[in-house]
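Q: What follows is the file model-v7.tsv, containing TSV, C-alpha atoms and all ligand atoms:
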chain	number	residue	atom	x	y	z
A	1	MET	CA	-9.62	20.86	-1.67
A	2	LYS	CA	-6.70	18.71	-0.58
A	3	THR	CA	-3.28	19.97	0.50
A	4	LEU	CA	-0.35	17.58	0.48
A	5	GLU	CA	3.38	17.32	-0.16
A	6	GLY	CA	4.32	15.61	-3.39
A	7	LEU	CA	7.28	14.88	-5.62
A	8	VAL	CA	6.74	15.03	-9.39
A	9	ILE	CA	8.02	11.72	-10.82
A	10	SER	CA	6.44	11.89	-14.27
A	11	GLU	CA	4.96	14.55	-16.58
A	12	ARG	CA	3.23	14.21	-19.93
A	13	ASP	CA	1.17	16.40	-22.25
A	14	SER	CA	-2.58	16.16	-22.01
A	15	GLY	CA	-4.98	17.81	-24.43
A	16	GLU	CA	-4.21	21.07	-26.27
A	17	THR	CA	-2.46	23.01	-23.51
A	18	GLY	CA	-2.74	20.92	-20.37
A	19	LYS	CA	-0.47	18.34	-18.84
A	20	SER	CA	-0.68	15.51	-16.36
A	21	VAL	CA	1.85	14.81	-13.67
A	22	THR	CA	2.33	11.85	-11.35
A	23	LEU	CA	3.03	12.79	-7.76
A	24	LEU	CA	4.66	10.53	-5.20
A	25	THR	CA	3.00	11.30	-1.86
A	26	ARG	CA	3.20	9.99	1.71
A	27	GLU	CA	-0.54	9.68	2.16
A	28	LEU	CA	-1.74	8.30	-1.15
A	29	GLY	CA	1.27	6.70	-2.83
A	30	CYS	CA	1.34	7.74	-6.50
A	31	ILE	CA	-1.47	9.92	-7.83
A	32	ASP	CA	-2.09	11.50	-11.22
A	33	VAL	CA	-2.88	15.20	-11.27
A	34	TYR	CA	-4.21	17.15	-14.21
A	35	VAL	CA	-2.72	20.66	-14.64
A	36	ARG	CA	-5.05	22.88	-16.71
A	37	GLY	CA	-3.06	24.98	-19.17
A	38	GLY	CA	0.03	23.42	-17.61
A	39	ARG	CA	2.19	23.80	-20.69
A	40	LYS	CA	1.54	27.52	-20.95
A	41	SER	CA	0.89	28.92	-17.51
A	42	ASN	CA	4.02	30.27	-15.80
A	43	LYS	CA	2.27	30.07	-12.49
A	44	SER	CA	2.34	26.28	-12.36
A	45	VAL	CA	5.49	25.58	-14.36
A	46	SER	CA	8.23	25.40	-11.71
A	47	SER	CA	6.34	23.21	-9.24
A	48	THR	CA	5.02	20.78	-11.80
A	49	GLN	CA	8.28	19.96	-13.55
A	50	LEU	CA	10.06	16.67	-13.03
A	51	PHE	CA	11.59	16.15	-9.55
A	52	CYS	CA	10.07	19.23	-8.02
A	53	TYR	CA	9.06	18.63	-4.41
A	54	ALA	CA	6.27	20.97	-3.32
A	55	VAL	CA	3.17	21.49	-1.25
A	56	PHE	CA	0.29	21.05	-3.67
A	57	SER	CA	-3.23	22.27	-3.30
A	58	LEU	CA	-5.52	20.00	-5.34
A	59	GLU	CA	-9.19	19.87	-6.23
A	60	GLU	CA	-10.72	16.45	-5.82
A	61	LYS	CA	-13.46	15.26	-8.14
A	62	ARG	CA	-15.23	11.95	-8.06
A	63	GLY	CA	-15.52	10.35	-11.48
A	64	ALA	CA	-18.47	8.36	-12.80
A	65	ASP	CA	-16.56	5.15	-12.04
A	66	ASN	CA	-16.16	6.31	-8.40
A	67	THR	CA	-12.43	6.95	-8.73
A	68	THR	CA	-11.05	10.25	-7.41
A	69	ARG	CA	-9.50	12.61	-9.93
A	70	TYR	CA	-7.13	15.36	-8.87
A	71	TYR	CA	-6.80	18.78	-10.49
A	72	TYR	CA	-3.94	21.18	-9.79
A	73	ASN	CA	-4.93	24.37	-8.03
A	74	SER	CA	-1.73	25.93	-6.64
A	75	SER	CA	1.64	24.96	-5.20
A	76	GLU	CA	4.53	26.15	-3.08
A	77	PRO	CA	7.93	24.64	-4.02
A	78	ILE	CA	10.01	23.13	-1.20
A	79	GLN	CA	12.97	21.73	-3.16
A	80	LEU	CA	13.61	21.85	-6.91
A	81	PHE	CA	16.74	19.60	-6.99
A	82	TYR	CA	18.19	22.06	-9.42
A	83	ASN	CA	21.66	20.46	-9.79
A	84	ILE	CA	20.13	17.19	-10.98
A	85	ARG	CA	18.47	19.04	-13.83
A	86	LEU	CA	21.78	20.60	-14.90
A	87	ASP	CA	23.60	17.31	-15.36
A	88	ALA	CA	22.51	14.82	-18.05
A	89	LYS	CA	23.92	11.78	-16.24
A	90	ARG	CA	22.38	12.61	-12.87
A	91	MET	CA	19.09	13.42	-14.59
A	92	ALA	CA	19.16	10.05	-16.36
A	93	LEU	CA	19.75	8.27	-13.04
A	94	ALA	CA	16.90	10.19	-11.38
A	95	CYS	CA	14.64	9.22	-14.32
A	96	TYR	CA	15.53	5.56	-13.71
A	97	PHE	CA	14.57	5.99	-10.04
A	98	ALA	CA	11.27	7.51	-11.21
A	99	GLU	CA	10.68	4.55	-13.53
A	100	LEU	CA	11.24	2.14	-10.63
A	101	LEU	CA	8.88	4.19	-8.45
A	102	LEU	CA	6.13	4.24	-11.06
A	103	PHE	CA	6.42	0.50	-11.25
A	104	ALA	CA	6.73	-0.17	-7.53
A	105	ALA	CA	4.77	2.42	-5.64
A	106	GLU	CA	1.30	2.21	-7.12
A	107	SER	CA	-0.23	1.37	-3.78
A	108	SER	CA	-0.02	3.67	-0.81
A	109	GLU	CA	1.34	0.84	1.31
A	110	ASN	CA	4.56	1.97	2.97
A	111	ALA	CA	4.47	5.17	0.89
A	112	ASP	CA	5.96	7.09	3.81
A	113	GLU	CA	9.16	5.02	3.74
A	114	VAL	CA	9.30	5.09	-0.07
A	115	MET	CA	9.02	8.89	0.01
A	116	ARG	CA	11.74	9.11	2.64
A	117	LEU	CA	14.10	6.91	0.61
A	118	THR	CA	13.41	8.87	-2.57
A	119	LEU	CA	13.89	12.35	-1.07
A	120	ASN	CA	17.08	11.26	0.71
A	121	THR	CA	18.51	9.72	-2.46
A	122	LEU	CA	17.67	12.80	-4.57
A	123	HIS	CA	19.13	15.04	-1.87
A	124	PHE	CA	22.53	13.33	-2.14
A	125	LEU	CA	22.34	13.06	-5.93
A	126	ASN	CA	21.64	16.80	-6.06
A	127	LYS	CA	24.44	17.57	-3.61
A	128	GLY	CA	26.91	15.49	-5.62
A	129	ASP	CA	29.07	14.32	-2.69
A	130	ARG	CA	28.15	10.61	-2.87
A	131	SER	CA	29.09	8.02	-5.46
A	132	GLU	CA	26.33	7.82	-8.08
A	133	LEU	CA	26.72	4.06	-8.36
A	134	LEU	CA	26.37	3.64	-4.61
A	135	LEU	CA	23.24	5.82	-4.59
A	136	LYS	CA	21.85	3.67	-7.39
A	137	SER	CA	22.50	0.43	-5.49
A	138	ILE	CA	21.08	1.80	-2.24
A	139	PHE	CA	17.94	3.00	-4.02
A	140	GLU	CA	17.39	-0.25	-5.93
A	141	LEU	CA	17.83	-2.57	-2.95
A	142	ARG	CA	16.10	-0.43	-0.32
A	143	LEU	CA	13.12	0.34	-2.59
A	144	LEU	CA	12.60	-3.40	-3.01
A	145	CYS	CA	12.85	-3.81	0.76
A	146	GLU	CA	10.26	-1.07	1.39
A	147	THR	CA	7.86	-2.52	-1.17
A	148	GLY	CA	7.65	-6.04	0.22
A	149	PHE	CA	10.78	-7.77	-1.04
A	150	ARG	CA	13.15	-7.42	1.94
A	151	PRO	CA	15.35	-10.55	1.81
A	152	ASN	CA	15.94	-12.65	4.91
A	153	LEU	CA	19.61	-12.04	5.61
A	154	ILE	CA	19.85	-12.96	9.30
A	155	GLY	CA	21.78	-16.18	8.69
A	156	CYS	CA	21.87	-19.51	6.90
A	157	CYS	CA	18.26	-20.63	6.54
A	158	HIS	CA	19.17	-24.23	7.51
A	159	CYS	CA	21.74	-24.03	10.34
A	160	TYR	CA	21.27	-20.35	11.30
A	161	ARG	CA	25.01	-19.60	11.06
A	162	PRO	CA	25.10	-15.80	10.79
A	163	GLU	CA	28.14	-15.59	8.54
A	164	ASP	CA	30.74	-17.63	6.74
A	165	ASP	CA	33.60	-17.00	4.31
A	166	GLU	CA	31.09	-17.70	1.57
A	167	MET	CA	27.34	-17.31	1.91
A	168	HIS	CA	25.02	-18.09	-1.00
A	169	PHE	CA	22.04	-15.87	-1.56
A	170	ASN	CA	19.52	-17.30	-3.99
A	171	LEU	CA	17.59	-14.72	-5.96
A	172	ARG	CA	14.80	-17.14	-6.74
A	173	SER	CA	14.15	-18.67	-3.32
A	174	GLY	CA	15.25	-15.59	-1.36
A	175	ASN	CA	17.23	-17.94	0.91
A	176	LEU	CA	20.65	-17.36	2.40
A	177	GLU	CA	22.67	-20.56	2.79
A	178	CYS	CA	26.14	-21.24	4.16
A	179	HIS	CA	28.77	-23.18	2.24
A	180	ASP	CA	28.01	-26.45	4.11
A	181	CYS	CA	24.25	-26.32	3.64
A	182	VAL	CA	23.97	-24.95	0.10
A	183	THR	CA	21.94	-27.03	-2.31
A	184	SER	CA	22.68	-27.02	-5.99
A	185	ASP	CA	19.05	-26.42	-7.03
A	186	ASP	CA	18.68	-23.15	-8.89
A	187	ALA	CA	22.42	-22.51	-8.55
A	188	MET	CA	22.26	-20.16	-11.51
A	189	TYR	CA	20.33	-17.73	-9.26
A	190	ASP	CA	23.01	-17.84	-6.56
A	191	TYR	CA	25.04	-14.85	-5.52
A	192	ILE	CA	28.09	-15.63	-3.42
A	193	PHE	CA	28.73	-13.05	-0.72
A	194	ASP	CA	31.91	-12.90	1.30
A	195	LYS	CA	31.72	-11.41	4.80
A	196	THR	CA	32.16	-7.83	3.62
A	197	MET	CA	29.62	-8.12	0.85
A	198	LEU	CA	27.07	-9.73	3.20
A	199	HIS	CA	27.64	-6.89	5.64
A	200	ILE	CA	27.07	-4.27	2.91
A	201	VAL	CA	23.84	-5.90	1.70
A	202	ARG	CA	22.55	-6.31	5.27
A	203	PHE	CA	23.40	-2.70	6.04
A	204	ILE	CA	21.44	-1.33	3.04
A	205	ALA	CA	18.47	-3.60	3.70
A	206	LEU	CA	18.17	-2.97	7.43
A	207	VAL	CA	19.93	0.15	8.75
A	208	GLU	CA	17.97	3.23	9.85
A	209	TYR	CA	17.77	6.16	7.41
A	210	GLU	CA	20.06	8.40	9.47
A	211	ARG	CA	22.97	6.08	8.64
A	212	LEU	CA	21.91	4.64	5.29
A	213	PHE	CA	23.91	7.00	3.10
A	214	ASN	CA	26.93	7.38	5.34
A	215	PHE	CA	29.32	4.70	4.18
A	216	LYS	CA	31.80	4.09	1.40
A	217	ILE	CA	32.84	0.91	-0.38
A	218	SER	CA	35.75	-0.02	-2.62
A	219	GLU	CA	35.47	-0.28	-6.39
A	220	LYS	CA	35.68	-4.07	-6.18
A	221	TYR	CA	32.66	-4.31	-3.89
A	222	GLN	CA	30.75	-1.62	-5.78
A	223	LYS	CA	31.02	-3.76	-8.90
A	224	GLN	CA	29.60	-6.82	-7.11
A	225	LEU	CA	26.94	-4.73	-5.40
A	226	SER	CA	25.80	-3.06	-8.65
A	227	ALA	CA	25.43	-6.42	-10.37
A	228	PHE	CA	23.45	-7.80	-7.44
A	229	THR	CA	21.08	-4.85	-6.83
A	230	GLU	CA	20.28	-4.47	-10.52
A	231	ASP	CA	19.47	-8.16	-10.88
A	232	PHE	CA	17.49	-8.10	-7.64
A	233	ALA	CA	15.27	-5.25	-8.89
A	234	GLN	CA	14.84	-6.79	-12.33
A	235	TYR	CA	14.09	-10.23	-10.96
A	236	HIS	CA	11.39	-9.10	-8.52
A	237	TYR	CA	9.76	-6.48	-10.72
A	238	GLY	CA	10.00	-8.90	-13.65
A	239	LYS	CA	11.08	-6.34	-16.19
A	240	LYS	CA	14.03	-4.59	-17.75
A	241	PHE	CA	14.01	-0.84	-17.26
A	242	GLN	CA	14.42	1.42	-20.32
A	243	LYS	CA	15.79	4.34	-18.33
A	244	LEU	CA	18.50	2.15	-16.87
A	245	ARG	CA	19.64	1.27	-20.36
A	246	PHE	CA	19.70	4.94	-21.24
A	247	TYR	CA	21.67	5.84	-18.08
A	248	LYS	CA	24.29	3.22	-18.92
A	249	MET	CA	24.70	4.58	-22.44
A	250	LEU	CA	25.77	8.01	-21.14
B	1	ZN	ZN	24.15	-23.59	7.05
What does this structure look like when you write it as structure tokens?
A:
Amino acid sequence: MKTLEGLVISERDSGETGKSVTLLTRELGCIDVYVRGGRKSNKSVSSTQLFCYAVFSLEEKRGADNTTRYYYNSSEPIQLFYNIRLDAKRMALACYFAELLLFAAESSENADEVMRLTLNTLHFLNKGDRSELLLKSIFELRLLCETGFRPNLIGCCHCYRPEDDEMHFNLRSGNLECHDCVTSDDAMYDYIFDKTMLHIVRFIALVEYERLFNFKISEKYQKQLSAFTEDFAQYHYGKKFQKLRFYKML
């Protein structure tokens, strides 16, 4: 038997009455758990629905191919994020986060930080006192940072100048270049950051979690930031996300 905290980030039917859920965990990254009779049993329903965070007690079984399979035994809910479920738009955004997580967090590497980012983001989305678009940008950029794609934003990669009126960040090379050093290769992948924008992107990529959600930005910068973080996620994960399209339609 294994006891661990997990967040349900996906659920699907399995067999006649059962279902499978994917849990995001600190110890093991993402794991699939089979819930016997999960579509009928009231006992397991609340803790195995989407975005429930709970302590799960699981049976472990070793399969013929030597992989470990997990079966649901019991659970104790910690946080149900109830307000997210009540609002179609917030639910759609949370589903996009889940889609990114399923794509990004397969390995258990850095799963602790990924879990922390996810729970914090859902906490503020549930509470409803932060801009949804800002939460989306923070989650996109910081998730990439925690899963191995943190950009080098210290200064121009040629002359080390820390800031300039215009700094060019190249999505493809991952390089930051000042106006004097910028090369025109791959210019179509360039994002031009002014001082404020560079500060915002650095802040999201590097600041400690206690401060990560405690800032506001103007509509003008939110627009630039949204375009950048969306492209950044799509470029590195190499795919367009269905749930993002759905969120934008609402
Ligand atoms: Zn330079």
Q: For Asn214 (chain A), which residue among A:Leu86, A:Leu171, A:Leu135, A:Leu176 is the nearest when counting all atoms listed in the file?
A: A:Leu135
Q: Measuring atom to atom with only C-alpha atoms, identify which of A:Gly15, A:Gly38, A:Gly6, A:Asn170 is nearest to Asp185 (chain A).
A: A:Asn170
Q: Which residues form the shell of 6 Å around ligand ZN 1 (chain B) when you count only C-alpha atoms and all ligand atoms, given as a list in words?
A: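 Answer in the requested format: Cys156, His158, Cys159, Arg161, Glu177, Cys178, Asp180 and Cys181 of chain A.
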Q: Next, the residues of the selection above should be written as a compact mmCIF listing (two decimals), in the frame of the given file with C-alpha atoms.
A:
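The new file out-v7.txt reads:
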# COMPACT_ATOMS: atom_id res chain seq x y z
CA CYS A 156 21.87 -19.51 6.90
CA HIS A 158 19.17 -24.23 7.51
CA CYS A 159 21.74 -24.03 10.34
CA ARG A 161 25.01 -19.60 11.06
CA GLU A 177 22.67 -20.56 2.79
CA CYS A 178 26.14 -21.24 4.16
CA ASP A 180 28.01 -26.45 4.11
CA CYS A 181 24.25 -26.32 3.64
Q: Mind pulling up the distance from CA of Ser20 (chain A) to CA of Tyr53 (chain A)?
A: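 Those two atoms sit 15.7 Å apart.
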Q: Which residue out of A:His199, A:Arg90, A:Lys240, A:Lys2 has the minimum interatomic distance to Lys61 (chain A) when all atoms listed in the file are used?
A: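 So, comparing all the options, the nearest one is A:Lys2.
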Q: So how far away is CA of Ser75 (chain A) from CA of Gly63 (chain A), in Å?
A: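 Interatomic distance here is 23.4 Å.
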Q: For CA of Ser137 (chain A) and CA of Leu225 (chain A), quote the distance in Å rounded to one decimal.
A: 6.8 Å
Q: I want to know what sits within 12 Å of Lys243 (chain A), based on all atoms listed in the file, with residues of the same chain fewer than 4 positions away left out; could you give that as a PyMOL selection string?
A: chain A and resi 89-100+239+247-250
Q: Closest to Val35 (chain A) among A:Glu219, A:Asp13, A:Glu208, A:Glu113, using all atoms listed in the file?
A: A:Asp13
Q: Please provide as a ChimeraX atom specification all residues within 6 Å of Val55 (chain A), with the sequence filter that same-chain residues fewer than 2 positions apart are discarded (counting only C-alpha atoms).
A: /A:4-5,75-76
Q: Find the residues near Met167 (chain A): any atom within 12 Å, counting all atoms listed in the file, skip ones fewer than 4 places away on the same chain, and give them as a PDB file with C-alpha atoms, keeping the file's coordinate frame.
A:
ATOM      1  CA  LEU A 153      19.610 -12.040   5.610  1.00  0.00           C
ATOM      2  CA  ILE A 154      19.850 -12.960   9.300  1.00  0.00           C
ATOM      3  CA  GLY A 155      21.780 -16.180   8.690  1.00  0.00           C
ATOM      4  CA  CYS A 156      21.870 -19.510   6.900  1.00  0.00           C
ATOM      5  CA  CYS A 157      18.260 -20.630   6.540  1.00  0.00           C
ATOM      6  CA  TYR A 160      21.270 -20.350  11.300  1.00  0.00           C
ATOM      7  CA  ARG A 161      25.010 -19.600  11.060  1.00  0.00           C
ATOM      8  CA  PRO A 162      25.100 -15.800  10.790  1.00  0.00           C
ATOM      9  CA  GLU A 163      28.140 -15.590   8.540  1.00  0.00           C
ATOM     10  CA  ASN A 175      17.230 -17.940   0.910  1.00  0.00           C
ATOM     11  CA  LEU A 176      20.650 -17.360   2.400  1.00  0.00           C
ATOM     12  CA  GLU A 177      22.670 -20.560   2.790  1.00  0.00           C
ATOM     13  CA  CYS A 178      26.140 -21.240   4.160  1.00  0.00           C
ATOM     14  CA  HIS A 179      28.770 -23.180   2.240  1.00  0.00           C
ATOM     15  CA  ASP A 180      28.010 -26.450   4.110  1.00  0.00           C
ATOM     16  CA  CYS A 181      24.250 -26.320   3.640  1.00  0.00           C
ATOM     17  CA  VAL A 182      23.970 -24.950   0.100  1.00  0.00           C
ATOM     18  CA  THR A 183      21.940 -27.030  -2.310  1.00  0.00           C
ATOM     19  CA  ASP A 190      23.010 -17.840  -6.560  1.00  0.00           C
ATOM     20  CA  TYR A 191      25.040 -14.850  -5.520  1.00  0.00           C
ATOM     21  CA  ILE A 192      28.090 -15.630  -3.420  1.00  0.00           C
ATOM     22  CA  PHE A 193      28.730 -13.050  -0.720  1.00  0.00           C
ATOM     23  CA  ASP A 194      31.910 -12.900   1.300  1.00  0.00           C
ATOM     24  CA  LYS A 195      31.720 -11.410   4.800  1.00  0.00           C
ATOM     25  CA  THR A 196      32.160  -7.830   3.620  1.00  0.00           C
ATOM     26  CA  MET A 197      29.620  -8.120   0.850  1.00  0.00           C
ATOM     27  CA  LEU A 198      27.070  -9.730   3.200  1.00  0.00           C
ATOM     28  CA  HIS A 199      27.640  -6.890   5.640  1.00  0.00           C
ATOM     29  CA  VAL A 201      23.840  -5.900   1.700  1.00  0.00           C
TER      30      VAL A 201
END
Q: Write out as an MDAnalysis selection string which residues come within 9 Å of Leu23 (chain A) when counting only C-alpha atoms, dropping same-chain ones fewer than 3 positions away.
A: chainID A and resid 5:10 29:33
Q: Which is closest to Lys223 (chain A) among A:Lys136, A:Arg211, A:Arg150, A:Arg62, if we use all atoms listed in the file?
A: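 Going through A:Lys136, A:Arg211, A:Arg150, A:Arg62 one by one, the smallest distance to Lys223 (chain A) is for A:Lys136.
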